[in-house]
Each structure stands twice: as C-alpha cells, then as structure tokens.
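*Asks:* Contents of protein-v3.cif (mmCIF, C-alpha atoms) are given next:
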data_input
loop_
_atom_site.label_atom_id
_atom_site.label_comp_id
_atom_site.auth_asym_id
_atom_site.auth_seq_id
_atom_site.Cartn_x
_atom_site.Cartn_y
_atom_site.Cartn_z
CA MET A 1 34.85 227.74 -126.00
CA TYR A 2 38.16 228.93 -127.36
CA ASN A 3 39.66 227.34 -130.50
CA SER A 4 37.86 224.09 -129.75
CA GLU A 5 37.25 222.87 -133.30
CA LYS A 6 38.72 219.46 -132.44
CA TYR A 7 36.42 218.83 -129.48
CA ILE A 8 33.26 220.93 -129.53
CA SER A 9 31.16 218.50 -131.61
CA ASP A 10 31.83 215.63 -129.20
CA CYS A 11 30.97 217.89 -126.28
CA LEU A 12 27.68 219.10 -127.74
CA ASP A 13 26.70 215.62 -128.96
CA SER A 14 27.17 214.27 -125.45
CA ILE A 15 24.86 216.98 -124.12
CA LEU A 16 22.21 216.20 -126.72
CA HIS A 17 22.23 212.56 -125.61
CA ILE A 18 20.84 213.41 -122.17
CA ASN A 19 17.32 212.20 -121.45
CA LEU A 20 15.63 215.56 -120.90
CA ASN A 21 13.04 217.41 -122.92
CA LYS A 22 14.56 220.39 -124.71
CA GLU A 23 12.01 222.59 -122.96
CA ASP A 24 13.59 221.64 -119.64
CA TYR A 25 17.12 222.86 -120.25
CA GLU A 26 19.15 225.39 -122.20
CA VAL A 27 22.67 225.23 -123.58
CA ILE A 28 24.61 228.49 -123.66
CA ILE A 29 27.68 228.43 -125.90
CA VAL A 30 30.12 231.25 -125.18
CA ASN A 31 32.68 231.81 -127.93
CA ASP A 32 35.67 233.39 -126.20
CA GLY A 33 37.16 234.94 -129.34
CA SER A 34 37.99 231.72 -131.21
CA THR A 35 40.08 232.14 -134.36
CA ASP A 36 39.60 228.60 -135.69
CA LYS A 37 36.48 226.95 -137.14
CA SER A 38 34.68 226.52 -133.80
CA LYS A 39 31.87 228.91 -134.73
CA ASP A 40 31.28 227.18 -138.07
CA ILE A 41 30.97 223.87 -136.26
CA VAL A 42 28.46 225.09 -133.64
CA ASP A 43 26.28 227.03 -136.13
CA PRO A 44 24.23 223.94 -137.15
CA TYR A 45 23.67 223.03 -133.49
CA ILE A 46 22.30 226.50 -132.80
CA ALA A 47 20.13 226.45 -135.92
CA ASN A 48 18.64 223.03 -135.14
CA ASN A 49 18.07 223.41 -131.40
CA ASP A 50 15.79 226.11 -130.06
CA ASN A 51 17.21 225.69 -126.57
CA PHE A 52 20.75 226.61 -127.69
CA LYS A 53 22.00 230.16 -127.20
CA TYR A 54 25.16 231.60 -128.73
CA ILE A 55 27.26 234.43 -127.24
CA GLU A 56 30.42 235.81 -128.81
CA GLN A 57 33.02 237.96 -127.09
CA GLU A 58 36.65 238.92 -127.53
CA ASN A 59 39.20 236.57 -126.03
CA LEU A 60 39.02 237.39 -122.31
CA GLY A 61 39.54 233.98 -120.72
CA ALA A 62 37.45 231.28 -119.05
CA ALA A 63 36.32 233.43 -116.11
CA TYR A 64 34.76 236.09 -118.32
CA ALA A 65 33.21 233.47 -120.60
CA ARG A 66 31.58 231.79 -117.61
CA ASN A 67 30.34 235.11 -116.30
CA ALA A 68 28.79 235.85 -119.68
CA GLY A 69 27.03 232.48 -119.53
CA LEU A 70 25.75 233.19 -116.02
CA LYS A 71 24.38 236.59 -116.95
CA ASN A 72 22.43 235.06 -119.83
CA SER A 73 21.16 231.98 -117.99
CA GLU A 74 17.48 231.51 -117.30
CA GLY A 75 17.41 228.07 -115.72
CA GLU A 76 17.00 227.19 -112.07
CA TYR A 77 20.42 225.53 -111.91
CA VAL A 78 23.62 225.99 -113.88
CA TRP A 79 26.31 223.51 -114.84
CA PHE A 80 29.59 224.48 -116.44
CA VAL A 81 30.90 222.15 -119.14
CA ASP A 82 34.19 222.93 -120.86
CA ALA A 83 34.23 222.68 -124.64
CA ASP A 84 36.92 219.98 -124.68
CA ASP A 85 35.15 217.69 -122.19
CA LYS A 86 32.02 215.53 -122.34
CA ILE A 87 29.19 214.32 -120.12
CA ASP A 88 28.00 210.80 -119.37
CA SER A 89 24.26 210.78 -120.07
CA SER A 90 23.45 207.79 -117.86
CA GLU A 91 25.29 209.24 -114.87
CA PHE A 92 23.72 212.61 -115.61
CA GLU A 93 20.26 211.07 -115.20
CA LYS A 94 21.26 209.76 -111.77
CA ALA A 95 22.49 213.20 -110.75
CA ILE A 96 19.27 214.84 -111.97
CA GLU A 97 17.17 212.35 -110.00
CA GLU A 98 19.23 213.17 -106.93
CA LEU A 99 18.59 216.85 -107.50
CA ARG A 100 14.85 216.22 -107.77
CA SER A 101 14.85 214.27 -104.52
CA HIS A 102 16.39 217.22 -102.64
CA LYS A 103 14.09 220.01 -103.71
CA GLY A 104 15.40 223.51 -103.29
CA ILE A 105 19.02 222.68 -102.46
CA GLU A 106 21.57 225.18 -103.65
CA VAL A 107 24.41 222.84 -104.64
CA LEU A 108 24.56 219.22 -105.78
CA ALA A 109 28.17 218.05 -105.95
CA PHE A 110 29.51 214.96 -107.73
CA TYR A 111 32.72 213.37 -109.03
CA LEU A 112 34.67 213.88 -112.24
CA LYS A 113 36.08 210.99 -114.25
CA GLU A 114 39.46 211.82 -115.75
CA VAL A 115 40.16 210.03 -119.05
CA THR A 116 42.56 210.23 -121.99
CA GLU A 117 41.48 211.42 -125.42
CA LYS A 118 40.93 207.75 -126.29
CA GLY A 119 38.66 207.27 -123.28
CA GLN A 120 41.14 205.34 -121.13
CA PHE A 121 40.47 205.74 -117.42
CA ILE A 122 42.95 207.82 -115.41
CA ASN A 123 41.33 208.77 -112.14
CA VAL A 124 38.19 209.87 -110.31
CA SER A 125 38.58 213.34 -108.83
CA CYS A 126 36.61 215.86 -106.76
CA LYS A 127 35.97 213.31 -104.04
CA HIS A 128 35.30 214.61 -100.55
CA ASP A 129 35.94 211.64 -98.28
CA SER A 130 35.43 213.59 -95.05
CA LEU A 131 31.93 214.74 -95.98
CA PRO A 132 28.61 212.91 -95.58
CA LEU A 133 27.05 211.62 -98.80
CA TYR A 134 23.43 212.15 -99.89
CA GLU A 135 22.68 214.33 -96.86
CA GLU A 136 21.79 218.01 -96.85
CA ILE A 137 24.32 220.13 -94.98
CA SER A 138 25.22 223.80 -95.08
CA GLY A 139 28.17 225.03 -97.08
CA THR A 140 29.92 226.33 -93.97
CA ASP A 141 29.55 222.90 -92.35
CA ALA A 142 31.08 221.39 -95.47
CA ILE A 143 34.07 223.72 -95.23
CA VAL A 144 34.59 222.99 -91.54
CA LYS A 145 34.32 219.25 -92.20
CA GLY A 146 37.05 219.43 -94.85
CA TYR A 147 35.54 220.51 -98.18
CA SER A 148 38.36 221.02 -100.68
CA PRO A 149 37.60 223.62 -103.38
CA SER A 150 37.79 222.11 -106.83
CA SER A 151 36.35 222.20 -110.33
CA VAL A 152 33.09 224.08 -110.81
CA CYS A 153 32.26 221.40 -113.39
CA SER A 154 31.66 219.00 -110.50
CA MET A 155 28.40 220.54 -109.32
CA PHE A 156 24.97 221.85 -110.19
CA VAL A 157 24.54 225.29 -108.61
CA ARG A 158 21.32 227.20 -108.03
CA LEU A 159 21.42 230.31 -110.21
CA LYS A 160 19.48 232.45 -107.74
CA MET A 161 22.11 231.86 -105.05
CA ILE A 162 24.87 232.94 -107.45
CA LYS A 163 23.09 236.13 -108.48
CA ASP A 164 21.83 237.02 -105.00
CA ASN A 165 25.38 236.83 -103.66
CA GLU A 166 27.05 238.26 -106.79
CA LEU A 167 29.20 235.17 -107.03
CA PHE A 168 30.88 235.79 -110.35
CA PHE A 169 34.27 234.49 -111.44
CA ARG A 170 37.32 236.68 -110.96
CA GLY A 171 39.06 237.25 -114.28
CA GLY A 172 42.74 237.08 -115.13
CA MET A 173 43.57 233.94 -113.18
CA THR A 174 43.95 230.27 -114.07
CA HIS A 175 42.59 228.91 -110.79
CA GLU A 176 39.21 230.61 -111.05
CA ASP A 177 37.40 227.35 -110.22
CA VAL A 178 39.13 226.86 -106.88
CA GLU A 179 38.72 230.51 -105.91
CA PHE A 180 35.06 230.58 -106.96
CA THR A 181 33.88 227.31 -105.42
CA TYR A 182 35.26 228.15 -101.97
CA ARG A 183 33.50 231.53 -101.93
CA MET A 184 30.37 229.87 -103.25
CA MET A 185 30.40 227.09 -100.66
CA ALA A 186 30.71 229.63 -97.85
CA VAL A 187 27.29 231.13 -98.67
CA ALA A 188 25.44 227.96 -99.74
CA LYS A 189 22.65 227.14 -97.28
CA SER A 190 22.09 223.58 -98.47
CA VAL A 191 24.55 221.24 -100.21
CA VAL A 192 24.38 217.55 -101.09
CA PHE A 193 27.51 215.56 -101.97
CA THR A 194 27.09 212.44 -104.09
CA GLU A 195 29.11 209.70 -105.76
CA HIS A 196 27.61 210.21 -109.22
CA ILE A 197 30.09 210.79 -112.07
CA PRO A 198 28.34 212.61 -114.91
CA TYR A 199 31.37 214.60 -116.09
CA LEU A 200 34.24 213.32 -118.24
CA TYR A 201 37.34 215.46 -117.85
CA ILE A 202 39.49 214.70 -120.89
CA TYR A 203 43.24 215.16 -120.75
CA HIS A 204 44.56 216.79 -123.91
CA ASP A 205 48.24 217.23 -124.68
CA ASN A 206 47.97 221.00 -125.12
CA THR A 207 46.30 222.04 -121.86
CA VAL A 208 47.79 224.56 -119.41
CA THR A 209 48.22 221.88 -116.76
CA THR A 210 50.11 219.42 -119.00
CA SER A 211 52.26 221.63 -121.25
CA ILE A 212 55.57 223.29 -120.32
CA ASN A 213 55.47 226.87 -121.51
CA VAL A 214 57.53 229.14 -119.30
CA GLU A 215 55.19 232.12 -119.39
CA ARG A 216 52.02 230.07 -118.93
CA LYS A 217 53.50 227.84 -116.25
CA THR A 218 54.81 230.85 -114.34
CA LYS A 219 51.40 232.48 -114.44
CA TYR A 220 49.73 229.21 -113.45
CA MET A 221 51.92 228.98 -110.35
CA CYS A 222 51.73 232.71 -109.49
CA ASP A 223 47.95 232.56 -109.66
CA GLU A 224 48.09 230.33 -106.58
CA LEU A 225 49.01 233.52 -104.77
CA LEU A 226 45.73 235.11 -105.87
CA VAL A 227 43.90 232.10 -104.46
CA TYR A 228 45.82 232.50 -101.18
CA GLN A 229 44.86 236.17 -100.98
CA SER A 230 41.21 235.39 -101.74
CA PHE A 231 41.08 232.76 -98.98
CA ILE A 232 42.65 235.16 -96.50
CA ARG A 233 39.97 237.74 -97.33
CA LEU A 234 37.30 235.06 -96.95
CA ALA A 235 38.66 234.12 -93.52
CA GLU A 236 38.54 237.77 -92.44
CA LYS A 237 34.95 238.03 -93.70
CA TYR A 238 33.95 235.26 -91.27
CA SER A 239 36.09 236.46 -88.36
CA ASP A 240 33.01 236.30 -86.10
CA ASN A 241 32.93 232.51 -86.62
CA ALA A 242 36.16 231.35 -85.00
CA GLU A 243 36.00 227.75 -86.26
CA LEU A 244 35.17 228.64 -89.85
CA CYS A 245 37.72 231.46 -89.92
CA ALA A 246 40.47 229.13 -88.66
CA VAL A 247 39.65 226.44 -91.23
CA VAL A 248 39.63 228.88 -94.15
CA ARG A 249 42.83 230.54 -92.98
CA ASN A 250 44.48 227.15 -92.65
CA ARG A 251 43.39 226.35 -96.22
CA ALA A 252 45.05 229.58 -97.37
CA HIS A 253 48.31 228.74 -95.64
CA ASN A 254 48.25 225.27 -97.17
CA VAL A 255 48.01 226.88 -100.61
CA LEU A 256 51.31 228.67 -99.96
CA PHE A 257 52.94 225.55 -98.57
CA GLY A 258 51.74 223.49 -101.54
CA LEU A 259 53.03 226.09 -103.98
CA LEU A 260 56.53 226.02 -102.49
CA LEU A 261 56.56 222.24 -102.33
CA THR A 262 55.54 222.02 -106.00
CA LEU A 263 58.33 224.39 -106.97
CA TYR A 264 60.83 222.30 -105.04
CA LEU A 265 59.67 218.95 -106.45
CA ASN A 266 59.90 220.30 -110.01
CA ARG A 267 63.11 222.28 -109.48
CA LYS A 268 65.28 220.15 -111.80
CA GLN A 269 62.99 220.91 -114.74
CA TRP A 270 61.78 224.39 -113.81
CA LYS A 271 64.87 226.08 -112.33
CA PRO A 272 66.79 226.17 -115.64
CA LEU A 273 63.69 227.72 -117.28
CA GLY A 274 63.53 230.48 -114.67
CA ILE A 275 60.08 229.47 -113.43
CA ASN A 276 61.09 229.05 -109.80
CA ASN A 277 62.94 232.35 -109.79
CA ASN A 278 59.96 234.20 -111.30
CA VAL A 279 57.51 232.77 -108.76
CA ILE A 280 59.78 233.39 -105.76
CA ASP A 281 60.31 236.96 -106.97
CA LYS A 282 56.53 237.46 -107.05
CA MET A 283 56.12 235.99 -103.58
CA THR A 284 58.88 238.26 -102.28
CA GLU A 285 57.23 241.29 -103.90
CA LEU A 286 53.98 240.45 -102.09
CA GLY A 287 55.76 239.95 -98.77
CA LEU A 288 54.99 236.23 -98.77
CA TYR A 289 58.57 234.93 -99.00
CA PRO A 290 60.24 233.74 -96.89
CA VAL A 291 57.02 232.14 -95.66
CA SER A 292 56.15 232.80 -92.02
CA LEU A 293 56.48 229.64 -89.93
CA LYS A 294 53.90 230.69 -87.33
CA PRO A 295 50.70 229.27 -88.93
CA TYR A 296 52.14 225.78 -89.49
CA ASN A 297 52.65 222.67 -87.36
CA TRP A 298 56.14 221.62 -86.37
CA LYS A 299 56.59 219.18 -89.26
CA LYS A 300 55.78 221.80 -91.87
CA ARG A 301 57.92 224.34 -90.05
CA ILE A 302 60.93 222.06 -90.44
CA ILE A 303 60.22 221.65 -94.14
CA LEU A 304 59.69 225.40 -94.56
CA LEU A 305 63.06 226.16 -92.95
CA PHE A 306 64.50 224.32 -95.95
CA LEU A 307 62.07 225.69 -98.57
CA ASN A 308 62.66 229.24 -97.34
CA LEU A 309 66.26 229.06 -98.58
CA ARG A 310 66.28 230.85 -101.92
CA SER A 311 69.46 229.02 -102.91
CA VAL A 312 67.52 225.74 -102.62
CA MET A 313 64.49 226.91 -104.58
CA CYS A 314 66.19 228.97 -107.30
#
Now, as a test, write the supplied structure out as structure tokens.
*Replies:*
Amino acid sequence: MYNSEKYISDCLDSILHINLNKEDYEVIIVNDGSTDKSKDIVDPYIANNDNFKYIEQENLGAAYARNAGLKNSEGEYVWFVDADDKIDSSEFEKAIEELRSHKGIEVLAFYLKEVTEKGQFINVSCKHDSLPLYEEISGTDAIVKGYSPSSVCSMFVRLKMIKDNELFFRGGMTHEDVEFTYRMMAVAKSVVFTEHIPYLYIYHDNTVTTSINVERKTKYMCDELLVYQSFIRLAEKYSDNAELCAVVRNRAHNVLFGLLLTLYLNRKQWKPLGINNNVIDKMTELGLYPVSLKPYNWKKRIILLFLNLRSVMC
C-alpha cells in the first residue's frame, strides 16, 4: 500500500469477509513508504489478526512491494490485491472451490470486475475468449492459443513455481503486471482459466491510468517499450520452439504498434503537452522509430507508413 488511507479499510474488511479459517490463509501488508495515516489504520488489523503480517519499506514502487510480499509468503498460493481495490467473498469461494478441484495446478485465472468508487459496474476484464475454460492446459499452450498478459490480480499463482523460476517483478516500470504474467505463463505447467469474478478493480480519479500528468503519462507510455524488450527476450529464450517464439514475438510487435496508435489517437491532447515528442524521442534513442514494417501484415504496414511520419505524431 502507498498512501491508501482512503481505501485500505474497505480492502482489508473485504478480505476478512471471506469464508476461510484464519489458519488457512495469511495476509501480508506491504507499506511502500506511505506518508499518510495508512499505517495507523492497519495497526488494529495486525493486532487483532494473527494471520496478518506487516512489512514496511521505503517508497520503491509496486514491483518492489510485491517482491517483498513474495519473499515473506508462506502459503501454497499467492494472490495480489491492491490496497485501493476489494474482493467479492462469494465469488472468492467459487474460485477457491475451483482451485481445490484441480489439485496441484500452478495458476488459476479469473476475471476482474471494474467498478466506480460508488460500486457502479463499468466492465469485466481479463477475459480470454480464445482459451478453454475449466480445463487444465500448459502455460505455453495458453500463449499459443492467444493468452493476453494482464493484471496479476486476476489469478492465484503457486508460490513454489514463482520461487523455483525466480519469477519476481521487475522494478521501475508501470506495466509490471503485463511483463510478469507473460513470463510467468511461459513456465507454468498447468493453468486453468475460469469465469469467476472475485476481484473488484475500483476506478479512482487519481490513478496513473486516469490522470493527466505529463511526467507520469510519459513514463507510463515509455514503459511499454520495456514490455516490448522483455517480450523480445522471451521470444529469443524459446527460439527452439518455432510456434511459441513466433507468437511471443508477434505479441511484442503488437505492443509497439499499439503504443504508436495510442499516441496518434490522443495526439490532440498529448502533443501540446510534449508527451508524444518525449515518447518518440525515446523510441528513436532505442532504435525503434521509425518502426520496421517487416513484422506486420499489409494492413498494419499501411497504417505504420502514416504513423512513422514524425510530423504526424509530434
């Protein structure tokens, strides 16, 4: 948690409502250098619940906070819950029953329900329409069949698999979920995708994805380049598997295409703020702009001929 005094009580109360014995689960609260009253609010929860652990660190960001939680976890599975979100206890029970019916699986994936602060429904995300539901498949099969990396909050993950493969989050980036879940899926031996929705993702007005702050928005967009580079490395790691390598590489190229398209679609708002110019400069520095047309189909090549014009983008 980081400066979550407005939300942390609701989050922890929703966790305490789940129908599990306290001996069967632990809650690890990582304070990522909060300067508000977050710690004062969580103190009574820690004092009154033996299964609650508290870790405090300097403000390093979500990736480092999650890594701290992982290193101090003792359970069989881990689930990441952000301090400003909540869980649905009834849907959680369904997900747990599913986990029990597939003993030993390494990942159980589910949906997220996106809602406003007042609880109004917005959307259901983290769906994977191309993948079989309630069947055990390997992570590489999931990737080949179209798995799209998404929020780490949308899955239970076996802790042993994470530690055996040293699957920790990479710090300093705002897309750590997307980068982590793709690497994680590539090594998972058994995965089950479900339609359960135990997680409530709450849209707040001050989040990175909804606010317009030039520095933060620029970083948010530039961090897509780190995701691209990670996916390219992942493709090279599996170069002996032609199909998997091609799918991962294609995912990487789509990250670049999506980044440029987002810059173009938001150009009227972002160009005057210098966001587009900053991101294109970074892409140019990395040798990624103009974008090579070779990996794309003819439709995207036509679009890229246009998007590769700096005068259009900046």
*Asks:* List the residues matched by the PyMOL selection byres ((chain A and resi 221) around 10) in the displayed structure as a list in words, ordered by chain and then by residue number.
*Replies:*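 That expression, the PyMOL selection byres ((chain A and resi 221) around 10), corresponds here to Thr174, His175, Arg216, Lys217, Thr218, Lys219, Tyr220, Cys222, Asp223, Glu224, Leu225, Leu226, Leu259, Leu260, Thr262, Leu263, Ile275, Asn276, Asn278 and Val279 of chain A.
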*Asks:* Given the file shown, enumerate the residues that the PyMOL selection byres ((chain A and resi 190-202) around 9) captures and present them as an MDAnalysis selection string.
*Replies:* chainID A and resid 81:82 84:95 98:99 102 104:119 124 127:128 131:139 142 153:155 185 188:189 203:204
*Asks:* What is the CA of Glu166 (chain A) to CA of Asp129 (chain A) distance in Å?
*Replies:*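 Rounded to one decimal, the two atoms are 29.3 Å apart.
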*Asks:* From the set A:Ile18, A:Ile162, A:Ile46, A:Ile55, which residue has the shortest atom-to-atom contact distance to Met1 (chain A), counting only C-alpha atoms?
*Replies:*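 Comparing A:Ile18, A:Ile162, A:Ile46, A:Ile55 against Met1 (chain A), the winner is A:Ile55.
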*Asks:* Nearest to Glu243 (chain A): which of A:Thr140, A:Thr181, A:Thr284, A:Ser292 is it, counting all atoms listed in the file?
*Replies:* A:Thr140
*Asks:* So what do you get for CA of Ser14 (chain A) versus CA of Lys103 (chain A), distance-wise?
*Replies:*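 Distance reported for this atom pair: 26.0 Å.
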*Asks:* Tell me which residues the PyMOL selection byres ((chain A and resi 24) around 12) grabs here, as a list in words.
*Replies:*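 Evaluating the PyMOL selection byres ((chain A and resi 24) around 12) on this file yields Ile18, Asn19, Leu20, Asn21, Lys22, Glu23, Tyr25, Glu26, Val27, Asp50, Asn51, Phe52, Glu74, Gly75, Glu76, Tyr77 and Ile96 of chain A.
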